[in-house]
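work.pdb follows (PDB, C-alpha atoms, pLDDT in the B column):
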ATOM      1  CA  MET A  58     -12.777   7.794   0.153  1.00 85.00           C
ATOM      2  CA  ARG A  59     -13.522   6.500  -3.344  1.00 92.00           C
ATOM      3  CA  TRP A  60     -11.273   3.602  -4.349  1.00 94.00           C
ATOM      4  CA  LYS A  61     -10.688   1.916  -7.651  1.00 96.00           C
ATOM      5  CA  GLU A  62      -9.463  -1.675  -7.457  1.00 95.00           C
ATOM      6  CA  GLU A  63      -8.155  -3.748 -10.340  1.00 95.00           C
ATOM      7  CA  THR A  64      -6.172  -6.968 -10.619  1.00 95.00           C
ATOM      8  CA  ILE A  65      -4.384  -6.226 -13.904  1.00 96.00           C
ATOM      9  CA  VAL A  66      -0.605  -6.818 -13.911  1.00 97.00           C
ATOM     10  CA  PHE A  67       1.519  -5.503 -16.771  1.00 98.00           C
ATOM     11  CA  GLU A  68       4.677  -7.111 -18.097  1.00 97.00           C
ATOM     12  CA  THR A  69       6.603  -3.867 -18.614  1.00 97.00           C
ATOM     13  CA  PHE A  70       7.040  -0.671 -16.694  1.00 97.00           C
ATOM     14  CA  ARG A  71       6.131   1.306 -19.827  1.00 98.00           C
ATOM     15  CA  GLU A  72       2.676  -0.298 -19.989  1.00 98.00           C
ATOM     16  CA  ALA A  73       2.170   0.337 -16.268  1.00 98.00           C
ATOM     17  CA  ASP A  74       3.309   3.949 -16.706  1.00 97.00           C
ATOM     18  CA  VAL A  75       0.722   4.630 -19.421  1.00 97.00           C
ATOM     19  CA  TRP A  76      -1.971   3.025 -17.224  1.00 97.00           C
ATOM     20  CA  ALA A  77      -0.888   5.062 -14.184  1.00 97.00           C
ATOM     21  CA  ASP A  78      -0.997   8.287 -16.199  1.00 96.00           C
ATOM     22  CA  ALA A  79      -4.661   7.624 -17.018  1.00 95.00           C
ATOM     23  CA  LEU A  80      -5.381   6.795 -13.361  1.00 95.00           C
ATOM     24  CA  ALA A  81      -3.707  10.014 -12.241  1.00 95.00           C
ATOM     25  CA  ASN A  82      -6.139  11.919 -14.457  1.00 93.00           C
ATOM     26  CA  GLU A  83      -9.062  10.267 -12.651  1.00 93.00           C
ATOM     27  CA  ILE A  84      -7.591  11.341  -9.319  1.00 93.00           C
ATOM     28  CA  TYR A  85      -6.887  14.871 -10.608  1.00 91.00           C
ATOM     29  CA  GLY A  86     -10.528  15.034 -11.698  1.00 87.00           C
ATOM     30  CA  ARG A  87     -11.605  13.854  -8.241  1.00 88.00           C
ATOM     31  CA  THR A  88     -13.582  10.849  -9.516  1.00 90.00           C
ATOM     32  CA  ILE A  89     -11.488   8.613  -7.223  1.00 93.00           C
ATOM     33  CA  ASN A  90      -9.159   9.229  -4.272  1.00 93.00           C
ATOM     34  CA  GLY A  91      -7.222   5.993  -4.247  1.00 96.00           C
ATOM     35  CA  TYR A  92      -6.187   2.945  -6.211  1.00 97.00           C
ATOM     36  CA  CYS A  93      -5.445  -0.645  -5.185  1.00 98.00           C
ATOM     37  CA  THR A  94      -3.468  -3.064  -7.384  1.00 98.00           C
ATOM     38  CA  PRO A  95      -1.300  -6.186  -7.144  1.00 98.00           C
ATOM     39  CA  ASP A  96       1.102  -4.596  -9.692  1.00 98.00           C
ATOM     40  CA  HIS A  97       3.921  -2.722  -7.968  1.00 98.00           C
ATOM     41  CA  LYS A  98       4.842  -1.056 -11.279  1.00 98.00           C
ATOM     42  CA  ILE A  99       1.471   0.691 -11.510  1.00 98.00           C
ATOM     43  CA  ALA A 100       1.619   1.759  -7.853  1.00 98.00           C
ATOM     44  CA  CYS A 101       5.132   3.160  -8.243  1.00 98.00           C
ATOM     45  CA  ALA A 102       4.344   5.150 -11.399  1.00 98.00           C
ATOM     46  CA  LEU A 103       1.058   6.456  -9.960  1.00 97.00           C
ATOM     47  CA  THR A 104       2.819   7.606  -6.799  1.00 98.00           C
ATOM     48  CA  PHE A 105       5.299   9.659  -8.790  1.00 97.00           C
ATOM     49  CA  TYR A 106       2.594  11.242 -10.974  1.00 97.00           C
ATOM     50  CA  LEU A 107       0.558  12.258  -7.933  1.00 97.00           C
ATOM     51  CA  ALA A 108       3.579  13.579  -6.046  1.00 96.00           C
ATOM     52  CA  LEU A 109       3.973  16.270  -8.714  1.00 95.00           C
ATOM     53  CA  VAL A 110       0.836  18.049  -7.436  1.00 93.00           C
ATOM     54  CA  PRO A 111       1.692  20.381  -4.522  1.00 92.00           C
ATOM     55  CA  GLU A 112      -1.824  20.116  -3.013  1.00 92.00           C
ATOM     56  CA  PHE A 113      -1.639  16.302  -2.789  1.00 93.00           C
ATOM     57  CA  ARG A 114      -0.112  14.367   0.070  1.00 96.00           C
ATOM     58  CA  VAL A 115       0.436  10.921  -1.378  1.00 97.00           C
ATOM     59  CA  GLN A 116       0.064   7.935   0.920  1.00 97.00           C
ATOM     60  CA  THR A 117       0.964   4.328   0.139  1.00 98.00           C
ATOM     61  CA  ALA A 118       0.557   0.947   1.790  1.00 98.00           C
ATOM     62  CA  GLU A 119       1.359  -2.693   1.108  1.00 98.00           C
ATOM     63  CA  ILE A 120      -1.438  -5.061   2.093  1.00 97.00           C
ATOM     64  CA  PRO A 121      -0.758  -8.816   2.149  1.00 97.00           C
ATOM     65  CA  PHE A 122      -3.940 -10.802   1.494  1.00 95.00           C
ATOM     66  CA  GLU A 123      -4.243 -14.514   0.780  1.00 94.00           C
ATOM     67  CA  GLY A 124      -0.666 -14.832  -0.446  1.00 96.00           C
ATOM     68  CA  ILE A 125      -0.777 -11.753  -2.707  1.00 96.00           C
ATOM     69  CA  THR A 126       0.579  -8.317  -1.888  1.00 97.00           C
ATOM     70  CA  TYR A 127      -1.692  -5.451  -2.888  1.00 98.00           C
ATOM     71  CA  TYR A 128      -0.403  -1.926  -3.218  1.00 98.00           C
ATOM     72  CA  GLN A 129      -2.584   1.020  -2.269  1.00 98.00           C
ATOM     73  CA  VAL A 130      -1.967   4.598  -3.359  1.00 98.00           C
ATOM     74  CA  TRP A 131      -4.217   7.433  -2.230  1.00 97.00           C
ATOM     75  CA  ILE A 132      -4.153  11.164  -1.732  1.00 96.00           C
ATOM     76  CA  LYS A 133      -5.090  13.626   0.929  1.00 92.00           C
ATOM     77  CA  LEU A 134      -5.679  17.219  -0.069  1.00 87.00           C
ATOM     78  CA  VAL A 135      -3.714  19.947   1.679  1.00 86.00           C
ATOM     79  CA  GLU A 136      -5.169  23.427   1.859  1.00 76.00           C
ATOM     80  CA  PRO A 137      -2.876  26.041   0.262  1.00 68.00           C
ATOM     81  CA  ASP A 138      -1.369  28.616   2.583  1.00 65.00           C
ATOM     82  CA  GLN A 139      -3.557  31.693   2.886  1.00 50.00           C
TER
END
Take the structure from the file and write it as C-alpha coordinates.
Amino acid sequence: MRWKEETIVFETFREADVWADALANEIYGRTINGYCTPDHKIACALTFYLALVPEFRVQTAEIPFEGITYYQVWIKLVEPDQ
(Lines of atoms letter the chains of each structure in order from A and count residues from 1; the text may use other names and numbers.)
(Lines give C-alpha, C1' and ligand atoms only; values in the text may rest on other atoms or scores of the structure.)
Protein backbone atom coordinates (compact mmCIF):
# COMPACT_ATOMS: atom_id res chain seq x y z
CA MET A 1 0.00 0.00 0.00
CA ARG A 2 1.44 3.37 -1.03
CA TRP A 3 0.05 6.25 1.03
CA LYS A 4 0.27 9.97 0.59
CA GLU A 5 -0.11 12.01 3.77
CA GLU A 6 -0.55 15.77 3.97
CA THR A 7 -1.70 18.17 6.67
CA ILE A 8 -3.19 20.85 4.41
CA VAL A 9 -6.71 22.04 5.34
CA PHE A 10 -8.71 24.15 2.90
CA GLU A 11 -11.23 26.81 3.84
CA THR A 12 -13.77 25.94 1.14
CA PHE A 13 -15.16 22.77 -0.32
CA ARG A 14 -14.35 24.05 -3.82
CA GLU A 15 -10.63 24.25 -3.02
CA ALA A 16 -10.74 20.76 -1.48
CA ASP A 17 -12.61 19.45 -4.53
CA VAL A 18 -9.93 20.70 -6.94
CA TRP A 19 -7.23 19.16 -4.71
CA ALA A 20 -9.12 15.84 -4.51
CA ASP A 21 -9.50 15.73 -8.29
CA ALA A 22 -5.71 15.91 -8.66
CA LEU A 23 -5.27 13.22 -5.99
CA ALA A 24 -7.76 10.97 -7.77
CA ASN A 25 -5.58 11.19 -10.87
CA GLU A 26 -2.60 9.94 -8.85
CA ILE A 27 -4.67 6.99 -7.65
CA TYR A 28 -6.00 6.31 -11.17
CA GLY A 29 -2.38 6.27 -12.36
CA ARG A 30 -1.50 3.85 -9.57
CA THR A 31 1.26 6.04 -8.09
CA ILE A 32 -0.53 5.85 -4.71
CA ASN A 33 -3.28 3.66 -3.25
CA GLY A 34 -4.42 5.81 -0.37
CA TYR A 35 -4.48 9.28 1.12
CA CYS A 36 -4.50 10.54 4.71
CA THR A 37 -5.59 14.07 5.66
CA PRO A 38 -7.00 16.04 8.60
CA ASP A 39 -9.38 17.81 6.15
CA HIS A 40 -12.74 16.05 5.94
CA LYS A 41 -13.61 18.07 2.81
CA ILE A 42 -10.72 16.55 0.85
CA ALA A 43 -11.55 13.04 2.09
CA CYS A 44 -15.22 13.41 1.15
CA ALA A 45 -14.53 14.73 -2.36
CA LEU A 46 -11.83 12.11 -3.00
CA THR A 47 -14.18 9.32 -1.92
CA PHE A 48 -16.80 10.41 -4.43
CA TYR A 49 -14.28 10.72 -7.28
CA LEU A 50 -12.92 7.24 -6.63
CA ALA A 51 -16.37 5.69 -6.26
CA LEU A 52 -17.04 6.51 -9.92
CA VAL A 53 -14.57 3.80 -11.02
CA PRO A 54 -16.28 0.38 -11.15
CA GLU A 55 -13.01 -1.51 -10.50
CA PHE A 56 -12.34 0.39 -7.25
CA ARG A 57 -13.72 -0.55 -3.86
CA VAL A 58 -13.29 2.60 -1.82
CA GLN A 59 -12.53 2.24 1.87
CA THR A 60 -12.48 5.01 4.47
CA ALA A 61 -11.51 5.39 8.11
CA GLU A 62 -11.37 8.07 10.78
CA ILE A 63 -8.25 7.90 12.93
CA PRO A 64 -8.06 10.02 16.09
CA PHE A 65 -4.45 10.89 16.95
CA GLU A 66 -3.22 13.38 19.53
CA GLY A 67 -6.46 15.37 19.52
CA ILE A 68 -6.78 15.54 15.72
CA THR A 69 -8.97 13.34 13.55
CA TYR A 70 -7.31 12.10 10.38
CA TYR A 71 -9.32 10.78 7.48
CA GLN A 72 -8.00 7.93 5.36
CA VAL A 73 -9.28 7.04 1.90
CA TRP A 74 -7.90 4.09 -0.03
CA ILE A 75 -8.87 1.70 -2.77
CA LYS A 76 -8.85 -1.99 -3.37
CA LEU A 77 -8.98 -3.24 -6.93
CA VAL A 78 -11.72 -5.67 -7.92
CA GLU A 79 -11.13 -8.01 -10.82
CA PRO A 80 -13.75 -7.59 -13.58
CA ASP A 81 -16.07 -10.51 -14.17
CA GLN A 82 -14.70 -12.90 -16.77
Counting all atoms listed in the file, what is within 8 Å of region 59-63 of chain A, bar same-chain residues fewer than 5 positions away, as a PDB file with C-alpha atoms, in the coordinates of the input?
ATOM      1  CA  THR A  88     -13.582  10.849  -9.516  1.00 90.00           C
ATOM      2  CA  ILE A  89     -11.488   8.613  -7.223  1.00 93.00           C
ATOM      3  CA  ASN A  90      -9.159   9.229  -4.272  1.00 93.00           C
ATOM      4  CA  GLY A  91      -7.222   5.993  -4.247  1.00 96.00           C
ATOM      5  CA  TYR A  92      -6.187   2.945  -6.211  1.00 97.00           C
ATOM      6  CA  CYS A  93      -5.445  -0.645  -5.185  1.00 98.00           C
ATOM      7  CA  THR A  94      -3.468  -3.064  -7.384  1.00 98.00           C
ATOM      8  CA  PRO A  95      -1.300  -6.186  -7.144  1.00 98.00           C
TER       9      PRO A  95
END
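Evaluating the PyMOL selection byres ((chain A and resi 105) around 10) against the shown model yields A:Asp74, A:Ala77, A:Asp78, A:Ala81, A:Ala100, A:Cys101, A:Ala102, A:Leu103, A:Thr104, A:Tyr106, A:Leu107, A:Ala108, A:Leu109, A:Val110, A:Val115.
Reported to one decimal place, the separation of CA of Val75 (chain A) from CA of Gly124 (chain A) is 27.2 Å.
Near region 66-72 of chain A, within a cut-off of 8 Å and counting all atoms listed in the file, sit the residues Trp76, Pro95, Asp96, Lys98 and Ile99 of chain A, with same-chain residues fewer than 4 positions away left out.
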Between A:Gln116, A:Tyr85, A:Pro111, A:Ala73, which residue has the minimum interatomic distance to Ile132 (chain A), considering all atoms listed in the file? A:Gln116
Could you name the residues that touch Ala118 (chain A) at 7 Å or less, counting all atoms listed in the file, but leaving out those on the same chain fewer than 3 positions away, as a list in words? Tyr128, Gln129 and Val130 of chain A
Which residues match the PyMOL selection byres ((chain A and resi 112) around 7) in the file above, as a PyMOL selection string? chain A and resi 110-111+113-114+134-137
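One distance worth recording is that between CA of Thr117 (chain A) and CA of Ile84 (chain A), which is 14.6 Å.
Counting from CA of Lys133 (chain A), the distance to CA of Glu119 (chain A) is 17.5 Å.
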